[in-house]
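One file, structure.cif, is given below (mmCIF, C-alpha atoms).
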```
data_start
#
loop_
_atom_site.group_PDB
_atom_site.id
_atom_site.type_symbol
_atom_site.label_atom_id
_atom_site.label_comp_id
_atom_site.auth_asym_id
_atom_site.auth_seq_id
_atom_site.Cartn_x
_atom_site.Cartn_y
_atom_site.Cartn_z
ATOM 1 C CA ARG G 1 94.315 125.113 102.428
ATOM 2 C CA GLN G 2 95.600 122.723 99.812
ATOM 3 C CA ARG G 3 92.994 120.224 98.682
ATOM 4 C CA ASP G 4 95.343 117.258 98.250
ATOM 5 C CA ILE G 5 95.797 116.621 101.979
ATOM 6 C CA ASP G 6 94.924 113.075 103.038
ATOM 7 C CA LEU G 7 95.551 113.265 106.761
ATOM 8 C CA ILE G 8 96.289 115.911 109.399
ATOM 9 C CA LEU G 9 98.505 114.961 112.355
ATOM 10 C CA SER G 10 98.798 117.124 115.431
ATOM 11 C CA ASP G 11 100.009 117.124 118.987
ATOM 12 C CA CYS G 12 97.828 118.648 121.704
ATOM 13 C CA SER G 13 100.101 121.640 122.034
ATOM 14 C CA VAL G 14 102.557 122.906 119.471
ATOM 15 C CA GLY G 15 104.534 125.969 120.463
ATOM 16 C CA GLY G 16 101.724 127.403 122.563
ATOM 17 C CA PHE G 17 99.127 126.578 119.915
ATOM 18 C CA SER G 18 96.281 124.266 120.927
ATOM 19 C CA GLY G 19 95.736 121.088 118.928
ATOM 20 C CA LEU G 20 92.008 121.367 119.603
ATOM 21 C CA THR G 21 92.073 124.828 118.025
ATOM 22 C CA ALA G 22 93.848 123.327 115.011
ATOM 23 C CA LEU G 23 91.084 120.700 114.815
ATOM 24 C CA GLU G 24 88.440 123.454 114.843
ATOM 25 C CA MET G 25 90.305 125.313 112.090
ATOM 26 C CA ALA G 26 90.510 122.158 109.964
ATOM 27 C CA GLN G 27 86.808 121.505 110.454
ATOM 28 C CA ALA G 28 86.000 125.087 109.447
ATOM 29 C CA GLU G 29 87.578 124.375 106.053
ATOM 30 C CA LYS G 30 84.856 121.733 105.494
ATOM 31 C CA ASN G 31 87.252 119.490 103.561
ATOM 32 C CA ASN G 32 86.623 116.364 105.685
ATOM 33 C CA VAL G 33 90.320 115.566 106.057
ATOM 34 C CA PRO G 34 90.796 113.076 108.917
ATOM 35 C CA PHE G 35 92.475 114.745 111.895
ATOM 36 C CA VAL G 36 94.560 112.552 114.207
ATOM 37 C CA PHE G 37 96.236 113.521 117.456
ATOM 38 C CA VAL G 38 99.575 111.865 118.252
ATOM 39 C CA THR G 39 100.312 112.871 121.807
ATOM 40 C CA GLY G 40 102.008 111.950 125.042
ATOM 41 C CA SER G 41 98.804 112.658 126.950
ATOM 42 C CA ALA G 42 96.438 110.518 124.871
ATOM 43 C CA PRO G 43 94.208 109.324 127.746
ATOM 44 C CA LEU G 44 93.677 112.911 128.884
ATOM 45 C CA ILE G 45 92.780 114.346 125.493
ATOM 46 C CA ARG G 46 91.272 111.319 123.724
ATOM 47 C CA THR G 47 87.653 111.728 124.829
ATOM 48 C CA GLN G 48 87.624 115.461 124.210
ATOM 49 C CA ALA G 49 89.308 115.115 120.812
ATOM 50 C CA LEU G 50 86.952 112.373 119.636
ATOM 51 C CA ASP G 51 83.918 114.301 120.923
ATOM 52 C CA GLN G 52 85.059 117.289 118.872
ATOM 53 C CA GLY G 53 85.420 115.216 115.700
ATOM 54 C CA ALA G 54 88.995 113.941 115.563
ATOM 55 C CA ALA G 55 89.398 110.682 113.629
ATOM 56 C CA ASP G 56 91.585 109.249 116.401
ATOM 57 C CA CYS G 57 94.009 110.052 119.191
ATOM 58 C CA LEU G 58 97.123 107.905 119.461
ATOM 59 C CA SER G 59 99.769 107.774 122.154
ATOM 60 C CA LYS G 60 103.317 108.653 121.123
ATOM 61 C CA ASP G 61 104.286 105.424 122.869
ATOM 62 C CA HIS G 62 102.258 103.513 120.257
ATOM 63 C CA ARG G 63 103.213 105.392 117.082
ATOM 64 C CA ILE G 64 103.296 102.177 115.050
ATOM 65 C CA GLN G 65 99.489 102.235 115.198
ATOM 66 C CA LEU G 66 99.672 105.352 113.028
ATOM 67 C CA VAL G 67 100.814 103.233 110.082
ATOM 68 C CA PHE G 68 97.741 101.023 110.321
ATOM 69 C CA LEU G 69 95.426 103.970 110.927
ATOM 70 C CA ALA G 70 96.787 105.802 107.863
ATOM 71 C CA GLN G 71 96.383 102.669 105.732
ATOM 72 C CA ARG G 72 92.775 102.322 106.880
ATOM 73 C CA ILE G 73 92.039 105.994 106.162
ATOM 74 C CA TRP G 74 93.580 105.836 102.670
ATOM 75 C CA GLN G 75 91.775 102.575 101.881
ATOM 76 C CA THR G 76 88.477 104.136 102.899
ATOM 77 C CA LYS G 77 89.237 107.181 100.739
ATOM 78 C CA LEU G 78 90.026 104.978 97.729
ATOM 79 C CA GLU G 79 86.781 103.062 98.179
ATOM 80 C CA SER G 80 84.648 106.213 98.262
#
```
Target encoding structure tokens, full file:
Amino acid sequence: RQRDIDLILSDCSVGGFSGLTALEMAQAEKNNVPFVFVTGSAPLIRTQALDQGAADCLSKDHRIQLVFLAQRIWQTKLES
């Protein structure tokens, strides 16, 4: 609930908790914080996550992309 969050990262399942539920909870806060899934099952969840409003869904095998995604998100935030 802090307002200084720039980015939310989540897996699809964390200790029996659904990542998609976490996305819904973040969206309910109406703070427009980009929500990114970093998961081992990216192809399976990607379409559903993006349809529900996630900023992106990255494979754990390609975590380096997270650096570039975060830079792009922060740059966009600075420009707005």
Check the smallest atom-to-atom distance from each of G:Leu58, G:Leu66, G:Val33, G:Val38 to Asp6 (chain G) using all atoms listed in the file, then report the winner.
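Looking at the shortest contact to Asp6 (chain G), the residue is G:Val33.
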Determine the residue set returned by the PyMOL selection byres ((chain G and resi 70-73) around 12) for the present structure, and present it as a list in words.
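When the PyMOL selection byres ((chain G and resi 70-73) around 12) is applied, the selected residues are Asp6, Leu7, Ile8, Leu9, Asn32, Val33, Pro34, Phe35, Val36, Ala55, Asp56, Leu58, Arg63, Ile64, Gln65, Leu66, Val67, Phe68, Leu69, Trp74, Gln75, Thr76, Lys77, Leu78, Glu79 and Ser80 of chain G.
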How many Å lie between CA of Leu20 (chain G) and CA of Gln52 (chain G), rounded to one decimal?
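Distance between the two atoms: 8.1 Å.
One finds CA of Lys60 (chain G) at 17.4 Å from CA of Gln48 (chain G).
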Enumerate, as a list in words, the residues matched when the PyMOL selection byres ((chain G and resi 40) around 7) is run on the file above.
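That selection, the PyMOL selection byres ((chain G and resi 40) around 7), comes back as Thr39, Ser41, Ala42, Ser59 and Lys60 of chain G.
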How many Å lie between CA of Gly53 (chain G) and CA of Phe17 (chain G), rounded to one decimal?
18.3 Å
